[in-house]
file my_file.txt (compact mmCIF, C-alpha atoms)
# COMPACT_ATOMS: atom_id res chain seq x y z
CA MET A 133 -6.52 -14.51 17.90
CA LEU A 134 -9.65 -16.37 16.78
CA TYR A 135 -7.35 -18.82 14.99
CA TYR A 136 -5.82 -19.87 18.32
CA LEU A 137 -9.14 -19.78 20.18
CA PHE A 138 -10.72 -22.20 17.71
CA SER A 139 -7.65 -24.44 17.82
CA LEU A 140 -8.44 -25.19 21.48
CA PHE A 141 -11.73 -26.82 20.45
CA GLN A 142 -10.57 -28.73 17.35
CA ASP A 143 -10.63 -32.11 19.09
CA SER A 144 -13.72 -31.39 21.17
CA GLY A 145 -16.27 -32.39 18.55
CA LEU A 146 -17.76 -28.88 18.65
CA PRO A 147 -19.47 -28.19 15.29
CA GLY A 148 -17.45 -25.74 13.21
CA ALA A 149 -14.39 -25.93 15.44
CA ARG A 150 -12.18 -27.07 12.55
CA LEU A 151 -13.23 -24.29 10.18
CA MET A 152 -10.16 -22.28 11.12
CA THR A 153 -7.93 -25.00 9.70
CA TYR A 154 -9.16 -24.15 6.21
CA ILE A 155 -7.26 -21.40 4.39
CA THR A 156 -10.29 -20.65 2.21
CA PHE A 157 -12.56 -20.05 5.23
CA ARG A 158 -10.08 -17.80 7.02
CA SER A 159 -9.34 -15.91 3.80
CA ALA A 160 -13.02 -15.29 3.17
CA GLY A 161 -13.42 -14.11 6.74
CA ALA A 162 -10.41 -11.80 6.47
CA PHE A 163 -11.80 -10.31 3.25
CA VAL A 164 -15.22 -9.60 4.75
CA ILE A 165 -13.87 -8.18 8.01
CA ALA A 166 -11.37 -5.96 6.18
CA LEU A 167 -14.02 -4.64 3.80
CA LEU A 168 -16.47 -3.85 6.62
CA LEU A 169 -13.75 -2.21 8.70
CA ALA A 170 -12.71 0.00 5.79
CA VAL A 171 -16.30 1.07 5.16
CA PHE A 172 -17.53 1.62 8.70
CA VAL A 173 -14.37 2.54 10.59
CA GLY A 174 -13.23 4.47 7.53
CA LYS A 175 -16.18 6.82 7.88
CA TYR A 176 -15.14 7.64 11.45
CA ILE A 177 -11.48 8.15 10.46
CA ILE A 178 -12.45 10.46 7.60
CA GLY A 179 -14.51 12.51 10.05
CA ARG A 180 -11.54 12.77 12.40
CA LEU A 181 -9.23 13.81 9.56
CA GLN A 182 -11.69 16.53 8.57
CA LYS A 183 -11.81 17.86 12.15
CA MET A 184 -8.01 17.82 12.28
CA GLN A 185 -8.02 19.77 8.99
CA VAL A 186 -5.69 17.24 7.42
CA GLY A 187 -6.51 18.32 3.88
CA GLU A 188 -4.62 17.74 0.66
CA ILE A 189 -2.52 20.66 -0.57
CA ILE A 190 -3.03 20.85 -4.34
CA ARG A 191 -0.53 22.47 -6.71
CA ASN A 192 -2.26 24.09 -9.66
CA LEU A 193 -1.18 22.05 -12.69
CA ASP A 194 -3.99 23.37 -14.87
CA LEU A 195 -5.82 20.03 -14.92
CA GLU A 196 -9.58 19.72 -15.20
CA GLY A 197 -11.27 19.49 -11.79
CA GLN A 198 -7.96 19.49 -9.99
CA MET A 199 -8.47 22.49 -7.70
CA LYS A 200 -11.82 21.11 -6.50
CA LYS A 201 -9.82 18.48 -4.61
CA THR A 202 -8.14 21.07 -2.39
CA GLY A 203 -8.84 20.34 1.26
CA THR A 204 -9.97 16.73 0.70
CA PRO A 205 -8.78 14.70 3.72
CA THR A 206 -5.61 12.72 3.07
CA MET A 207 -3.61 10.15 5.08
CA GLY A 208 -6.51 7.77 4.37
CA GLY A 209 -3.93 5.02 4.04
CA VAL A 210 -4.44 4.61 7.79
CA ILE A 211 -7.84 3.10 6.94
CA ILE A 212 -6.22 0.57 4.61
CA ILE A 213 -3.47 -0.40 7.05
CA LEU A 214 -5.81 -0.90 10.01
CA SER A 215 -8.23 -2.87 7.84
CA ILE A 216 -5.39 -5.20 6.84
CA LEU A 217 -3.80 -5.66 10.24
CA LEU A 218 -6.87 -6.38 12.36
CA PRO A 219 -8.28 -9.30 10.28
CA CYS A 220 -4.79 -10.82 10.04
CA LEU A 221 -4.35 -10.61 13.81
CA LEU A 222 -7.76 -12.19 14.29
CA LEU A 223 -7.64 -14.95 11.69
CA GLY A 224 -3.99 -15.35 10.79
CA ASN A 225 -1.54 -17.96 12.02
CA LEU A 226 0.91 -15.70 13.84
CA SER A 227 3.46 -18.49 14.17
CA ASN A 228 3.83 -18.53 10.38
CA VAL A 229 6.96 -16.63 9.37
CA TYR A 230 5.45 -15.51 6.05
CA MET A 231 2.54 -13.84 7.83
CA LEU A 232 4.88 -12.17 10.34
CA VAL A 233 7.06 -10.74 7.58
CA MET A 234 4.03 -9.30 5.79
CA LEU A 235 2.71 -7.70 8.98
CA LEU A 236 6.14 -6.19 9.67
CA ALA A 237 6.39 -4.86 6.10
CA THR A 238 2.92 -3.29 6.38
CA VAL A 239 3.73 -1.48 9.62
CA TRP A 240 7.24 -0.50 8.48
CA LEU A 241 6.18 0.99 5.15
CA GLY A 242 3.04 2.51 6.66
CA THR A 243 5.18 4.32 9.23
CA ILE A 244 7.42 5.78 6.52
CA GLY A 245 4.40 6.99 4.56
CA PHE A 246 2.69 8.34 7.68
CA LEU A 247 5.76 10.37 8.68
CA ASP A 248 6.00 11.74 5.15
CA ASP A 249 2.35 12.85 5.19
CA TYR A 250 2.65 14.21 8.74
CA LEU A 251 5.60 16.43 7.87
CA LYS A 252 3.84 17.71 4.76
CA LEU A 253 0.51 18.48 6.38
CA ARG A 254 1.02 19.15 10.06
CA LYS A 255 4.52 20.62 9.96
CA ARG A 256 3.90 22.41 6.64
CA ASN A 257 7.03 20.87 5.15
CA LYS A 258 6.06 20.56 1.47
CA ASP A 259 8.79 18.00 0.76
CA GLY A 260 7.97 15.67 3.67
CA ILE A 261 10.70 13.15 4.42
CA LYS A 262 13.80 13.76 2.34
CA GLY A 263 13.94 11.42 -0.61
CA LYS A 264 17.14 9.71 0.52
CA TYR A 265 15.64 8.85 3.91
CA LYS A 266 12.53 7.46 2.25
CA ILE A 267 14.74 5.28 0.05
CA PHE A 268 16.75 4.15 3.07
CA GLY A 269 13.51 3.09 4.76
CA GLN A 270 12.41 1.09 1.73
CA LEU A 271 15.84 -0.51 1.41
CA GLY A 272 15.73 -1.35 5.11
CA ILE A 273 12.61 -3.51 4.87
CA ALA A 274 13.98 -5.09 1.68
CA VAL A 275 17.15 -6.14 3.51
CA ILE A 276 15.10 -7.55 6.41
CA VAL A 277 12.96 -9.59 3.99
CA ALA A 278 15.97 -10.95 2.09
CA LEU A 279 17.89 -11.85 5.26
CA THR A 280 14.82 -13.53 6.76
CA MET A 281 14.42 -15.67 3.65
CA TYR A 282 18.11 -16.58 3.86
CA LEU A 283 18.23 -17.31 7.58
CA SER A 284 14.79 -18.65 8.50
CA PRO A 285 14.64 -22.48 8.54
CA SER A 286 10.90 -22.24 7.80
CA MET A 287 11.33 -20.47 4.47
CA VAL A 288 12.13 -23.32 2.11
CA LEU A 289 10.94 -24.62 -1.23
CA VAL A 290 10.58 -27.92 -3.04
CA GLU A 291 11.75 -27.82 -6.62
CA ASN A 292 9.60 -29.33 -9.35
CA SER A 293 11.03 -31.78 -11.88
CA GLU A 294 9.53 -33.19 -15.05
CA ILE A 295 9.12 -36.79 -16.20
CA ILE A 296 9.44 -36.70 -20.00
CA SER A 297 7.92 -39.40 -22.21
CA ASP A 298 10.50 -41.19 -24.38
CA ASP A 299 7.93 -41.61 -27.14
CA THR A 300 6.26 -38.21 -27.33
CA HIS A 301 8.99 -36.13 -25.64
CA ARG A 302 6.23 -34.38 -23.72
CA VAL A 303 5.87 -33.88 -19.99
CA GLU A 304 3.98 -36.84 -18.55
CA GLU A 305 4.14 -35.86 -14.90
CA VAL A 306 5.54 -33.19 -12.58
CA VAL A 307 7.00 -34.60 -9.37
CA TYR A 308 8.53 -33.18 -6.21
CA GLY A 309 11.32 -34.72 -4.21
CA ASP A 310 11.31 -35.28 -0.47
CA GLU A 311 14.08 -32.75 0.06
CA VAL A 312 13.22 -29.18 0.97
CA LYS A 313 15.72 -26.56 -0.15
CA LYS A 314 16.84 -23.14 0.92
CA SER A 315 17.82 -21.67 -2.40
CA PRO A 316 17.83 -18.25 -4.12
CA GLN A 317 15.36 -19.34 -6.77
CA THR A 318 12.53 -17.51 -8.45
CA THR A 319 10.04 -17.94 -11.27
CA ILE A 320 10.63 -16.42 -14.68
CA PRO A 321 8.18 -16.29 -17.59
CA PHE A 322 8.37 -17.58 -21.15
CA VAL A 323 10.91 -20.38 -20.61
CA LYS A 324 10.56 -24.17 -20.63
CA ASN A 325 11.70 -24.62 -17.04
CA ASN A 326 10.53 -21.45 -15.34
CA ASN A 327 12.67 -21.92 -12.22
CA PHE A 328 15.67 -19.61 -12.19
CA ASN A 329 18.44 -19.77 -9.60
CA TYR A 330 20.27 -16.51 -9.06
CA SER A 331 23.38 -18.59 -8.41
CA TRP A 332 23.55 -19.16 -12.17
CA LEU A 333 24.69 -15.54 -12.46
CA THR A 334 27.52 -16.13 -10.02
CA GLY A 335 28.70 -19.51 -11.32
CA TRP A 336 32.14 -17.96 -11.89
CA MET A 337 32.54 -17.80 -8.09
CA GLY A 338 32.96 -21.58 -7.93
CA LYS A 339 32.16 -23.03 -4.52
CA HIS A 340 30.90 -19.62 -3.40
CA ALA A 341 28.33 -19.43 -6.21
CA GLU A 342 25.40 -20.12 -3.88
CA THR A 343 26.47 -17.31 -1.55
CA GLY A 344 26.85 -15.04 -4.56
CA GLY A 345 23.34 -16.01 -5.65
CA TRP A 346 21.92 -14.85 -2.31
CA ILE A 347 23.77 -11.54 -2.70
CA VAL A 348 22.22 -11.08 -6.14
CA PHE A 349 18.84 -11.97 -4.61
CA LEU A 350 19.37 -9.27 -1.95
CA LEU A 351 20.14 -6.65 -4.62
CA ILE A 352 17.11 -7.68 -6.68
CA THR A 353 14.92 -7.51 -3.57
CA MET A 354 16.16 -4.00 -2.76
CA PHE A 355 15.45 -2.83 -6.31
CA ILE A 356 12.02 -4.47 -6.56
CA VAL A 357 10.74 -3.12 -3.23
CA THR A 358 11.98 0.43 -3.93
CA ALA A 359 10.77 0.55 -7.54
CA THR A 360 7.33 -0.90 -6.79
CA SER A 361 6.73 1.23 -3.69
CA ASN A 362 7.71 4.44 -5.49
CA GLY A 363 5.80 3.41 -8.61
CA ALA A 364 2.59 3.06 -6.62
CA ASN A 365 3.33 6.39 -4.97
CA LEU A 366 3.68 8.11 -8.36
CA ASN A 367 0.59 6.35 -9.68
CA ASP A 368 -1.50 7.76 -6.85
CA GLY A 369 -2.74 10.90 -8.56
CA LEU A 370 -6.28 10.13 -9.71
CA ASP A 371 -9.32 9.13 -7.67
CA GLY A 372 -9.39 5.38 -7.07
CA MET A 373 -6.65 4.43 -9.51
CA THR A 374 -3.93 3.09 -7.20
CA ALA A 375 -6.42 1.35 -4.91
CA GLY A 376 -8.05 -0.37 -7.90
CA LEU A 377 -4.79 -1.43 -9.55
CA SER A 378 -3.41 -2.72 -6.24
CA ALA A 379 -6.56 -4.77 -5.62
CA ILE A 380 -6.28 -6.31 -9.10
CA ALA A 381 -2.63 -7.21 -8.50
CA GLY A 382 -3.62 -8.54 -5.08
CA VAL A 383 -6.11 -11.00 -6.59
CA ALA A 384 -3.42 -12.37 -8.91
CA LEU A 385 -0.85 -12.66 -6.11
CA ALA A 386 -3.34 -14.34 -3.78
CA ALA A 387 -4.08 -16.94 -6.46
CA MET A 388 -0.36 -17.55 -7.03
CA ALA A 389 0.26 -17.92 -3.28
CA TYR A 390 -2.59 -20.41 -2.98
CA LEU A 391 -1.41 -22.43 -5.97
CA GLY A 392 2.25 -22.33 -4.95
CA GLY A 393 1.40 -23.39 -1.40
CA ASN A 394 -0.54 -26.46 -2.56
CA VAL A 395 1.54 -29.31 -3.94
CA ILE A 396 -1.24 -30.57 -6.25
CA TYR A 397 -1.88 -27.21 -7.91
CA SER A 398 1.85 -26.49 -8.06
CA ALA A 399 2.33 -29.68 -10.01
CA TYR A 400 -0.43 -28.74 -12.43
CA LEU A 401 1.20 -25.38 -13.18
CA ASN A 402 4.67 -26.97 -13.07
CA ILE A 403 5.96 -24.40 -10.56
CA MET A 404 7.98 -24.77 -7.37
CA TYR A 405 6.12 -25.72 -4.21
CA VAL A 406 6.61 -23.32 -1.27
CA PRO A 407 5.40 -24.99 1.96
CA GLY A 408 3.73 -22.59 4.41
CA SER A 409 3.23 -19.80 1.88
CA GLU A 410 -0.49 -20.60 1.63
CA GLU A 411 -0.94 -18.59 4.85
CA LEU A 412 -0.23 -15.49 2.78
CA VAL A 413 -3.64 -15.92 1.13
CA VAL A 414 -5.23 -14.81 4.40
CA TYR A 415 -3.12 -11.66 4.38
CA MET A 416 -3.86 -10.88 0.74
CA ALA A 417 -7.60 -11.46 1.23
CA ALA A 418 -7.53 -8.79 3.94
CA PHE A 419 -5.48 -6.56 1.61
CA ILE A 420 -8.05 -6.86 -1.17
CA GLY A 421 -11.00 -6.35 1.18
CA ALA A 422 -9.39 -3.26 2.67
CA LEU A 423 -8.84 -1.74 -0.77
CA ILE A 424 -12.36 -2.43 -1.99
CA GLY A 425 -13.74 -0.93 1.21
CA PHE A 426 -11.46 2.08 0.80
CA LEU A 427 -12.74 2.57 -2.74
CA TRP A 428 -16.17 3.22 -1.20
CA TYR A 429 -14.78 6.63 -0.26
CA ASN A 430 -11.87 6.99 -2.68
CA ALA A 431 -13.77 6.44 -5.94
CA SER A 432 -14.43 9.59 -7.96
CA PRO A 433 -15.21 12.12 -6.57
CA ALA A 434 -12.93 11.07 -3.72
CA GLN A 435 -13.95 11.83 -0.14
CA VAL A 436 -10.48 10.88 1.08
CA PHE A 437 -7.02 10.32 -0.40
CA MET A 438 -4.69 7.57 0.75
CA GLY A 439 -1.63 9.83 0.79
CA ASP A 440 1.88 8.44 1.03
CA THR A 441 0.67 6.49 4.07
CA GLY A 442 -1.26 4.29 1.66
CA SER A 443 0.58 4.43 -1.65
CA LEU A 444 4.08 3.72 -0.35
CA THR A 445 2.66 0.85 1.68
CA LEU A 446 0.65 -0.70 -1.16
CA GLY A 447 3.53 -0.82 -3.62
CA GLY A 448 5.98 -2.12 -1.02
CA VAL A 449 3.56 -4.77 0.24
CA ILE A 450 2.93 -6.04 -3.30
CA ALA A 451 6.70 -6.30 -3.85
CA VAL A 452 7.41 -8.10 -0.54
CA PHE A 453 4.52 -10.52 -1.11
CA ALA A 454 5.79 -11.43 -4.59
CA ILE A 455 9.31 -11.93 -3.23
CA LEU A 456 8.10 -14.26 -0.48
CA ILE A 457 6.32 -16.52 -2.99
CA HIS A 458 9.33 -16.42 -5.36
CA LYS A 459 7.44 -14.55 -8.09
CA GLU A 460 9.22 -11.17 -7.96
CA LEU A 461 10.37 -11.34 -11.59
CA LEU A 462 6.72 -11.55 -12.69
CA LEU A 463 6.06 -8.07 -11.26
CA PRO A 464 7.30 -6.25 -14.40
CA VAL A 465 4.28 -7.84 -16.10
CA LEU A 466 1.77 -7.76 -13.24
CA VAL A 467 2.33 -4.16 -12.12
CA ALA A 468 3.90 -2.83 -15.30
CA LEU A 469 1.89 0.38 -14.93
CA PHE A 470 3.69 1.21 -11.68
CA TYR A 471 7.07 0.78 -13.36
CA ILE A 472 5.96 2.78 -16.39
CA GLU A 473 5.03 5.63 -14.05
CA ASP A 474 8.55 5.39 -12.57
CA LEU A 475 10.17 5.41 -15.99
CA SER A 476 8.05 8.29 -17.30
CA VAL A 477 9.38 10.55 -14.55
CA ILE A 478 12.99 9.39 -15.02
CA VAL A 479 12.85 9.89 -18.80
CA GLN A 480 11.13 13.27 -18.48
CA VAL A 481 13.66 14.66 -16.01
CA ALA A 482 16.67 13.32 -17.94
CA TYR A 483 15.40 14.68 -21.28
CA PHE A 484 14.46 18.03 -19.73
CA LYS A 485 17.97 18.49 -18.34
CA ARG A 486 19.66 17.31 -21.53
CA THR A 487 17.68 19.57 -23.87
CA GLY A 488 17.44 22.59 -21.61
CA GLY A 489 13.70 22.59 -21.13
CA ARG A 490 12.08 20.28 -23.69
CA ARG A 491 9.87 17.38 -22.61
CA VAL A 492 8.99 13.89 -23.84
CA PHE A 493 5.51 13.87 -22.28
CA LYS A 494 3.14 16.77 -21.74
CA MET A 495 3.31 16.03 -18.01
CA THR A 496 4.49 13.29 -15.69
CA PRO A 497 3.78 10.95 -13.96
CA LEU A 498 2.34 9.46 -17.12
CA HIS A 499 -1.35 9.51 -16.09
CA HIS A 500 -1.24 13.32 -16.05
CA HIS A 501 -0.06 13.28 -19.69
CA PHE A 502 -3.53 12.10 -20.70
CA GLN A 503 -5.20 14.94 -18.80
CA LYS A 504 -3.57 17.62 -20.97
CA ASP A 505 -4.65 18.84 -24.41
CA GLY A 506 -2.09 18.31 -27.16
CA ASN A 507 -0.45 21.31 -28.84
CA ALA A 508 -1.40 23.49 -25.87
CA GLY A 509 1.86 25.37 -25.73
CA ILE A 510 3.86 22.52 -24.13
CA ASP A 511 7.07 21.69 -25.98
CA ALA A 512 6.77 17.90 -25.77
CA LEU A 513 7.74 15.15 -28.21
CA ILE A 514 4.50 13.26 -27.63
CA GLN A 515 1.39 15.41 -28.10
CA ARG A 516 -1.23 12.69 -28.40
CA PRO A 517 -3.94 12.46 -27.29
CA LEU A 518 -4.79 15.88 -28.70
CA ARG A 519 -7.89 16.14 -26.51
CA ALA A 520 -7.66 15.76 -22.74
CA ILE A 521 -9.27 12.58 -21.41
CA PRO A 522 -11.60 12.85 -18.37
CA GLU A 523 -10.12 11.58 -15.11
CA SER A 524 -12.70 8.83 -14.56
CA LYS A 525 -12.07 7.41 -18.04
CA ILE A 526 -8.29 7.36 -17.48
CA VAL A 527 -8.79 5.48 -14.22
CA THR A 528 -11.14 2.94 -15.80
CA ARG A 529 -8.76 2.33 -18.70
CA PHE A 530 -5.83 1.84 -16.34
CA TRP A 531 -7.93 -0.68 -14.40
CA ILE A 532 -8.72 -2.55 -17.63
CA ILE A 533 -5.02 -2.64 -18.51
CA GLY A 534 -4.31 -3.89 -14.98
CA ILE A 535 -6.78 -6.77 -15.44
CA ILE A 536 -5.19 -7.69 -18.78
CA LEU A 537 -1.73 -7.66 -17.20
CA ALA A 538 -2.94 -9.87 -14.33
CA ALA A 539 -4.33 -12.39 -16.83
CA LEU A 540 -1.12 -12.22 -18.87
CA THR A 541 0.92 -12.93 -15.75
CA PHE A 542 -0.85 -16.28 -15.35
CA VAL A 543 -0.53 -17.05 -19.04
CA THR A 544 3.26 -16.64 -18.79
CA LEU A 545 3.38 -19.52 -16.32
CA LYS A 546 2.04 -21.94 -18.95
CA ILE A 547 3.79 -20.53 -22.01
CA ARG A 548 7.09 -22.35 -22.46
call {"tool": "encode", "arguments": {"input": "my_file.txt", "output": "structure tokens"}}
result
Amino acid sequence: MLYYLFSLFQDSGLPGARLMTYITFRSAGAFVIALLLAVFVGKYIIGRLQKMQVGEIIRNLDLEGQMKKTGTPTMGGVIIILSILLPCLLLGNLSNVYMLVMLLATVWLGTIGFLDDYLKLRKRNKDGIKGKYKIFGQLGIAVIVALTMYLSPSMVLVENSEIISDDTHRVEEVVYGDEVKKSPQTTIPFVKNNNFNYSWLTGWMGKHAETGGWIVFLLITMFIVTATSNGANLNDGLDGMTAGLSAIAGVALAAMAYLGGNVIYSAYLNIMYVPGSEELVVYMAAFIGALIGFLWYNASPAQVFMGDTGSLTLGGVIAVFAILIHKELLLPVLVALFYIEDLSVIVQVAYFKRTGGRRVFKMTPLHHHFQKDGNAGIDALIQRPLRAIPESKIVTRFWIIGIILAALTFVTLKIR
């Protein structure tokens, strides 16, 4: 709302009236407001959760310090969601379709997570929402995002092209045409021209190849949103880990949105230019601020857990954001840890059923594997590490890996 209030005074000569036209200023403001909201409003929400006796129900998995967490308030994802939404409503351009899609995705996924937590805690339904309904909800927002990108006249891109020197055969300049396109394109790493059109996969459809490309894009979107959302949900098992990893990924995505929404920086990186996507930086700044503020209470020993309200939302939001800036195929690098958590559970269950009770890991999701001593009576293929690693050290090491992956994601854009 402040964005529109300030716009009324832009031509008045009032000092500072044009500050709201700068993405960097509004992003900084969104970050600060989100962080302060998470810290100060978060304290009140935690108190309310304690009075409502909304405490985590802990299954005894024989992990060090695990049972001490029993009764810790959960559903703290409400703090994160509110701390994202309010700064965006204050400082965001609500006529920008990218911002609107992100706000919808946040509320949509937050509602799914909230209902799941509510059924578990208040209705004493240990399973929460049935898995198939949770998947349907995630697929629903994925379909909305894909259809919006297909139908909205505001969601376009300008493809980059290279001017190659005849003498050196090296790129002299990256230029952009005047034509904006609506095309199912994305960015892929480790190739000379890192633009990839999904229509290439459906070239056999002839004149319908472009339509086929959008269908492939829809399927990819559905997979990415579901896998990332559930991966973050599985990763949320140790104090501060998912919040920290999501904030790290958020910094990388915010930088990519800023670069991809600026024609000069896009040319430097030789990536497609996505007009209007720079507004997403405001959203992601609020996202990062909310997570850092939440870590004030969620860092070990946690005073509150985010619950499915937070974890399902964080993973889904990261996926939707990457899709909107045409960087979804970089997520297997950027948030590889989320996907590894997914795969660890899939592999463990499949192997357990196939062998009649044997395991690959000592315990899944994967982060719990490191909390168990090796050769402790668990019939698992992988016994290392032989000594259990303290929770805080596991979290810190996962954060370090997350930072390395974020750096590697940017490196892939320049490696041809």
call {"tool": "residues_around", "arguments": {"input": "my_file.txt", "residues": "stretch 520-534 of chain A", "least_positions_apart": "6", "cutoff": "8 Å", "atoms": "all atoms listed in the file", "output": "list in words"}}
result
Glu196, Leu370, Asp371, Gly372, Met373, Gly376, Leu377, Ile380, Ala381, Ser432, Leu466, Val467, Leu469, His499, Phe502, Gln503, Lys504, Asp505 and Gly506 of chain A
call {"tool": "closest_residue", "arguments": {"input": "my_file.txt", "among": "A:Leu444, A:Val275, A:Ala538, A:Cys220", "to": "A:Val383", "atoms": "only C-alpha atoms"}}
result
A:Ala538
call {"tool": "axis_aligned_box", "arguments": {"input": "my_file.txt", "around": "stretch 495-514 of chain A", "padding_each_side": "3 Å", "output": "JSON"}}
result
{"center_x": 1.3, "center_y": 17.4, "center_z": -21.4, "size_x": 18.9, "size_y": 21.9, "size_z": 20.9}
call {"tool": "residues_around", "arguments": {"input": "my_file.txt", "residues": "A:Phe426", "least_positions_apart": "5", "cutoff": "10 Å", "atoms": "all atoms listed in the file", "output": "list in words"}}
result
Ala166, Leu167, Leu168, Leu169, Ala170, Val171, Phe172, Gly174, Lys175, Gly208, Gly209, Ile211, Ile212, Ser215, Gly372, Ala375, Gly376, Ile420, Gly421, Ala431, Val436, Phe437 and Met438 of chain A
call {"tool": "atom_distance", "arguments": {"input": "my_file.txt", "atom1": "atom CA of A:Gly439", "atom2": "atom CA of A:Asn367"}}
result
11.3 Å
call {"tool": "atom_distance", "arguments": {"input": "my_file.txt", "atom1": "atom CA of A:Leu385", "atom2": "atom CA of A:Leu217"}}
result
18.0 Å
call {"tool": "closest_residue", "arguments": {"input": "my_file.txt", "among": "A:Ala341, A:Ala451, A:Ile403, A:Ala359", "to": "A:Glu473", "atoms": "all atoms listed in the file"}}
result
A:Ala359
call {"tool": "closest_atom_pairs", "arguments": {"input": "my_file.txt", "of": "stretch 392-494 of chain A", "to": "stretch 237-249 of chain A", "cutoff": "7 Å", "atoms": "only C-alpha atoms", "output": "CSV"}}
result
residue,atom,partner,partner_atom,distance
A:Gly439,CA,A:Asp249,CA,6.7
A:Asp440,CA,A:Gly245,CA,4.6
A:Thr441,CA,A:Gly245,CA,3.8
A:Gly442,CA,A:Gly242,CA,6.8
A:Leu444,CA,A:Gly245,CA,5.9
A:Thr445,CA,A:Leu241,CA,4.9
A:Gly448,CA,A:Leu241,CA,6.9
A:Val449,CA,A:Thr238,CA,6.3
call {"tool": "write_last_selection", "arguments": {"input": "my_file.txt", "atoms": "C-alpha atoms", "output": "CSV table (one decimal), keeping the file's coordinate frame"}}
result
chain,number,residue,atom,x,y,z
A,439,GLY,CA,-1.6,9.8,0.8
A,440,ASP,CA,1.9,8.4,1.0
A,441,THR,CA,0.7,6.5,4.1
A,442,GLY,CA,-1.3,4.3,1.7
A,444,LEU,CA,4.1,3.7,-0.4
A,445,THR,CA,2.7,0.8,1.7
A,448,GLY,CA,6.0,-2.1,-1.0
A,449,VAL,CA,3.6,-4.8,0.2
call {"tool": "atom_distance", "arguments": {"input": "my_file.txt", "atom1": "atom CA of A:Ser398", "atom2": "atom CA of A:Ala417"}}
result
20.0 Å
call {"tool": "closest_residue", "arguments": {"input": "my_file.txt", "among": "A:Ala162, A:Leu271, A:Leu366, A:Leu151", "to": "A:Leu446", "atoms": "all atoms listed in the file"}}
result
A:Leu366
call {"tool": "residues_around", "arguments": {"input": "my_file.txt", "residues": "A:Tyr471", "least_positions_apart": "4", "cutoff": "10 Å", "atoms": "all atoms listed in the file", "output": "count of residues only"}}
result
15
call {"tool": "closest_residue", "arguments": {"input": "my_file.txt", "among": "A:Gly260, A:Gly179, A:Gly447, A:Gly224", "to": "A:Asp368", "atoms": "all atoms listed in the file"}}
result
A:Gly447
call {"tool": "closest_residue", "arguments": {"input": "my_file.txt", "among": "A:Val406, A:Ala418, A:Leu401, A:Ala389", "to": "A:Leu214", "atoms": "only C-alpha atoms"}}
result
A:Ala418
